[in-house]
Structure formats: structure tokens, C-alpha cells
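Visitor: Questions regarding the structure given below will be posed in turn.
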Amino acid sequence: MTSYTELLAGLDRHPDHTIDAHIPESWMQGRTTYGGLTAALSLQAALGMVDDIPIRSAQVAFVGPVGGDIRIKPKLLRRGKNTAYVSVDVVAGDDITAQSIFAFGKAKESSVHFDDMPMPSAPAPKEIESFFDADRPRPGFTQNFDMLLALGARPISGSDERSIGLWMRHLDPDAPQDATAVLAIGDAPPPAVMSVFKQPIRISSMTWMAEFMTDTITTDPDGWFFAQHTAQLAKDGYSSQSMRLWNRSGEPILVGRQTIAVFG
């Protein structure tokens with residue numbers, strides 16, 4: 001199995017900041033690459049254009065299946081004194097399979113400062129069993145993460161609960177604590193709407209927006225982050241959910257939204 005750091009080390013980077021990559025089966029989700037990895041690799045390419053300004057937000061559209069040999073093509077849209085914008089296309093063959101826009105911004109002095117994103121009360125990781133049942137199949141990419149269900153109900157449980165809370169970390173002990181690694185793990189939980197399913201239904205992520213709450217990403221030495229995903233709407237074959245992420249100390253790291261297609 002190819003670890004996260006091995007996958008990054010194997011990227012073929014070109015002078016124009018284009019990256020060639022091969023996605024192994026261990027990072028696939030059905031017939032496409034796990035969305036968090038698609039976002040993380042796209043950010044890697046964007047950082048080749050802007051590596052001196054912290055990332056502030058990511059907007060990712062999952063246009064089509066991503067897998068096998070891919071090319072990641074960044075383009076600097078604008079660079080100012082304090083901000084920069086980079087678009088990134090992920091291409092497989094002749095097809096664009098994902099498009100992203102990353103916004104970068106320097107920290108500035110400001111008279112406005114508040115934090116209204118408290119982490120939910122949840123049992124500690126050592127008090128919770130694995131999210132995955134050894135007797136049931138699981139998506140291939142989840143083998144790269146340790147995930148523990150702390151709040152809410154499991155997928156396909158017919159629950160009325162539409163919010164899930166999980167402790168998550170990379171199983172790769174060498175995975176860094178940085179923005180790219182956070183994107184790589186941030187999309188790992190199943191969509192919260194799946195808890196209300198009474199039987200298996202095919203789903204597909206369409207878009208993912210993520211905003212970084214800090215430019216200093218750290219957590220405990222064990223690498224744990226806490227994620228809460230809440231399904232706020234399910235209608236006409238689509239679900240919209242909010243996503244929030246904290247470090248082990250309860251400090252806000254990421255907030256986002258996701259649109260999911262529900263085929264049934």
C-alpha cells in the first residue's frame with residue numbers, strides 16, 4: 001500500500017509547476033480517486049506557484065472520475081501584495097476531471113477578532129472503538145486513515161440523526177501537519193446524510209469548499225483531528241452539508257461545505 005508521504009514523494013514535478021501523478025488502488029473510492037486526495041494534490045500544485053503566503057480557502061469541483069495516470073496543471077490567476085489566486089485543473093487523458101481555485105492571504109493586523117466555533121463535547125479517542133466494522137467492506141482509500149465514531153450514527157442505519165462526529169488521523173506516521181495533509185483527511189468521513197439511509201444508495205461528491213481557520217496547523221503528537229459533518233438539506237437527489245474540523249486541543253482548523261448527489 002502506498003502511504004501518503006510515499007505518494008507525494010513520487011510526484012513528477014515539471015519546471016512549469018505541472019505535476020504528473022499515478023493514483024494507486026489504495027487511494028481509490030470506487031472508480032474515482034478519493035476526493036480529499038484530489039484536493040490535496042491540487043493544492044500541492046498550487047503551492048508551486050505560491051509558497052510564501054498561507055492558504056485561506058479551497059473550492060473544488062469533482063467534474064468526473066479521477067484515476068490512474070493524471071496531470072495536475074496550476075495557473076496563477078492573480079498575485080497582489082497580500083493575496084494570490086491559483087486555479088488548478090486535474091486532467092486524465094483529454095478530460096478535465098477536477099477543477100479548483102485556491103485563495104492565499106497574508107496575516108494582517110486587525111481590530112476584529114473573535115472565535116464562535118466551539119468544538120462539540122466528545123469522548124476521547126482512547127475511549128472509542130474503530131468506525132469500521134472488520135466484517136463489512138470499506139472503501140479502499142479508508143485504509144490510509146484511523147477513524148473513530150464519537151457522535152451520531154453509522155451510515156445506512158436508518159437514524160434520524162443527521163450529524164456525525166469523528167476523530168481522524170493519517171495512519172502514515174510521517175504525514176506532516178500542514179494544509180495539504182488536512183485537505184487529504186478532511187473529506188474522509190462518509191457524508192452525514194448516509195446515516196438516514198435504510199439501504200445502500202449510490203452517492204457522489206460534486207463540490208467541496210474549505211476555509212482554513214488558521215495558518216498554523218498543529219495537533220497532538222498522535223495526529224488526531226476532530227471532524228463534525230452535518231447534513232442540512234436533502235432534496236431532489238442532492239444533499240448539502242456543513243463540515244468543521246478542530247485539532248486535539250479544540251482549536252478551529254477548517255470549515256467547509258459539500259454538495260453530494262444522491263442516486264436513489
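Starting from 1 in every chain, residues are counted up; chains themselves are A, B, ... following the order of the C-alpha cells, and ligands are numbered from 1 as listed.
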Please produce, as a Markdown table, a per-residue contact table for stretch 70-126 of chain A versus stretch 161-173 of chain A (criterion: any atom at most 9 Å away, only C-alpha atoms considered), showing the nearest atom pair and its distance in Å to one decimal, sorted by chain then residue number.
Guide:
```
| residue | atom | partner | partner_atom | distance |
| --- | --- | --- | --- | --- |
| A:Pro120 | CA | A:Gly165 | CA | 8.4 |
| A:Ala122 | CA | A:Gly165 | CA | 8.0 |
| A:Ala124 | CA | A:Trp167 | CA | 8.4 |
| A:Pro125 | CA | A:Trp167 | CA | 6.5 |
```
Visitor: Leaving out A:Glu6 and any residue of its chain fewer than 6 positions from it, which residues lie within 12 Å of it when counting only C-alpha atoms, given as a PyMOL selection string?
Guide: chain A and resi 21-24+144+172-175
Visitor: Using only C-alpha atoms, which residue out of A:Pro155, A:Pro54, A:Gly93, A:Gly223 lies closest to A:Pro200?
Guide: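 For A:Pro200, the nearest of the given residues is A:Pro155.
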Visitor: By how many Å are atom CA of A:Ala261 and atom CA of A:Arg136 apart?
Guide: 23.7 Å
Visitor: DSSP on the backbone, then: every residue of stretch 49-245 of chain A marked helix (DSSP H, G or I), written as a PyMOL selection string.
Guide: chain A and resi 125-127+140-144+179-186+192-196
Visitor: Calculate how many Å separate atom CA of A:Ser100 from atom CA of A:Asp187, rounding to one decimal.
Guide: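 If I compute the distance from atom CA of A:Ser100 to atom CA of A:Asp187, I get 15.1 Å.
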Visitor: Please provide the set of residues having any atom within 8 Å of stretch 114-119 of chain A, restricted to only C-alpha atoms, with same-chain residues fewer than 6 positions apart removed, written as a compact mmCIF listing (two decimals) with C-alpha atoms, in the first residue's frame.
Guide:
```txt
# COMPACT_ATOMS: atom_id res chain seq x y z
CA TRP A 246 -10.66 21.03 15.07
CA GLY A 250 -10.24 22.12 20.27
CA GLU A 251 -8.75 24.89 18.13
CA PRO A 252 -10.60 25.53 14.83
```
Visitor: Using only C-alpha atoms, determine which residues lie at most 6 Å from stretch 217-219 of chain A, disregarding the query and same-chain residues fewer than 6 positions distant; provide the list as a list in words.
Guide: Gln177, Asp178, Asn247 and Arg248 of chain A
Visitor: May I have the residues from that selection written out with N, CA and C atoms, as a PDB file, in the first residue's frame?
Guide:
```pdb
ATOM      1  N   GLN A 177       1.857  17.789   9.497  1.00  0.00           N
ATOM      2  CA  GLN A 177       0.712  18.550   9.980  1.00  0.00           C
ATOM      3  C   GLN A 177       0.713  19.873   9.229  1.00  0.00           C
ATOM      4  N   ASP A 178       0.102  19.854   8.041  1.00  0.00           N
ATOM      5  CA  ASP A 178       0.048  21.047   7.209  1.00  0.00           C
ATOM      6  C   ASP A 178      -1.273  21.080   6.443  1.00  0.00           C
ATOM      7  N   ASN A 247      -8.414  20.727  15.973  1.00  0.00           N
ATOM      8  CA  ASN A 247      -7.287  19.896  16.404  1.00  0.00           C
ATOM      9  C   ASN A 247      -7.604  19.286  17.764  1.00  0.00           C
ATOM     10  N   ARG A 248      -6.662  18.535  18.295  1.00  0.00           N
ATOM     11  CA  ARG A 248      -6.896  17.793  19.542  1.00  0.00           C
ATOM     12  C   ARG A 248      -7.183  18.728  20.717  1.00  0.00           C
TER      13      ARG A 248
END
```
Visitor: Quick check, in Å to one decimal: how far apart do atom CA of A:Ala98 and atom CA of A:Thr33 lie?
Guide: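 Going from atom CA of A:Ala98 over to atom CA of A:Thr33 covers 10.5 Å.
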Visitor: I want to know what sits within 8 Å of A:Ile128, based on only C-alpha atoms, with residues of the same chain fewer than 4 positions away left out; could you give that as a list in words?
Guide: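 Counting only C-alpha atoms, the residues come to Pro123, Ala124, Leu148, Leu149 and Ala150 of chain A.
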Visitor: Quick one: pick out all strand (DSSP E) residues within stretch 50-87 of chain A from a backbone DSSP run and write them as a VMD selection string.
Guide: chain A and resid 55 to 62 68 to 79 83 to 87
Visitor: Out of A:Met147, A:Ala58, A:Leu77, A:Met213, which residue has the shortest atom-to-atom distance to A:Ser130 when counting only C-alpha atoms?
Guide: A:Met147
Visitor: Give me the residues near A:Leu245 as a CSV table (one decimal) with N, CA and C atoms, in the first residue's frame, where near means some atom within 6 Å (using only C-alpha atoms) and where sequence neighbours in that chain fewer than 6 positions away do not count.
Guide:
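Dumped to out09.csv:
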```csv
chain,number,residue,atom,x,y,z
A,226,PHE,N,-10.6,16.3,15.1
A,226,PHE,CA,-12.0,16.0,15.3
A,226,PHE,C,-12.8,16.7,14.2
A,227,ALA,N,-13.7,15.9,13.5
A,227,ALA,CA,-14.5,16.4,12.4
A,227,ALA,C,-16.0,16.3,12.8
A,253,ILE,N,-9.7,24.5,12.9
A,253,ILE,CA,-8.7,24.3,11.8
A,253,ILE,C,-9.3,24.6,10.4
A,254,LEU,N,-10.5,24.1,10.2
A,254,LEU,CA,-11.2,24.1,8.9
A,254,LEU,C,-12.7,24.2,9.0
```
Visitor: Just checking: using only C-alpha atoms, which residue out of A:Gln99, A:Thr38, A:Thr180, A:Ser110 ends up closest to A:Gln59?
Guide: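 Nearest to A:Gln59: A:Gln99.
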Visitor: Go through A:Ile156, A:Leu7, A:Leu183, A:Met49 and flag the residue nearest A:Lys198, using only C-alpha atoms for the distances.
Guide: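 That would be A:Ile156, the residue with the smallest distance to A:Lys198.
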Visitor: Please determine, counting only C-alpha atoms, which residue among A:Ala84, A:Ile185, A:Val90, A:Ala45 has the shortest atom-to-atom distance to A:Ile70.
Guide: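 Among the listed residues, A:Val90 lies closest to A:Ile70.
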Visitor: Which one of A:Gly10, A:Ile96, A:Trp208, A:Lys75 sits closest to A:Gly35 if you count only C-alpha atoms?
Guide: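 So, comparing all the options, the nearest one is A:Trp208.
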Visitor: For A:Pro191, please output as a PyMOL selection string all residues within 12 Å (counting only C-alpha atoms; exclusion window: fewer than 3 positions along the same chain).
Guide: chain A and resi 153-156+162-166+186-188+194-197+201-206+208+227-234+238-243+257-262
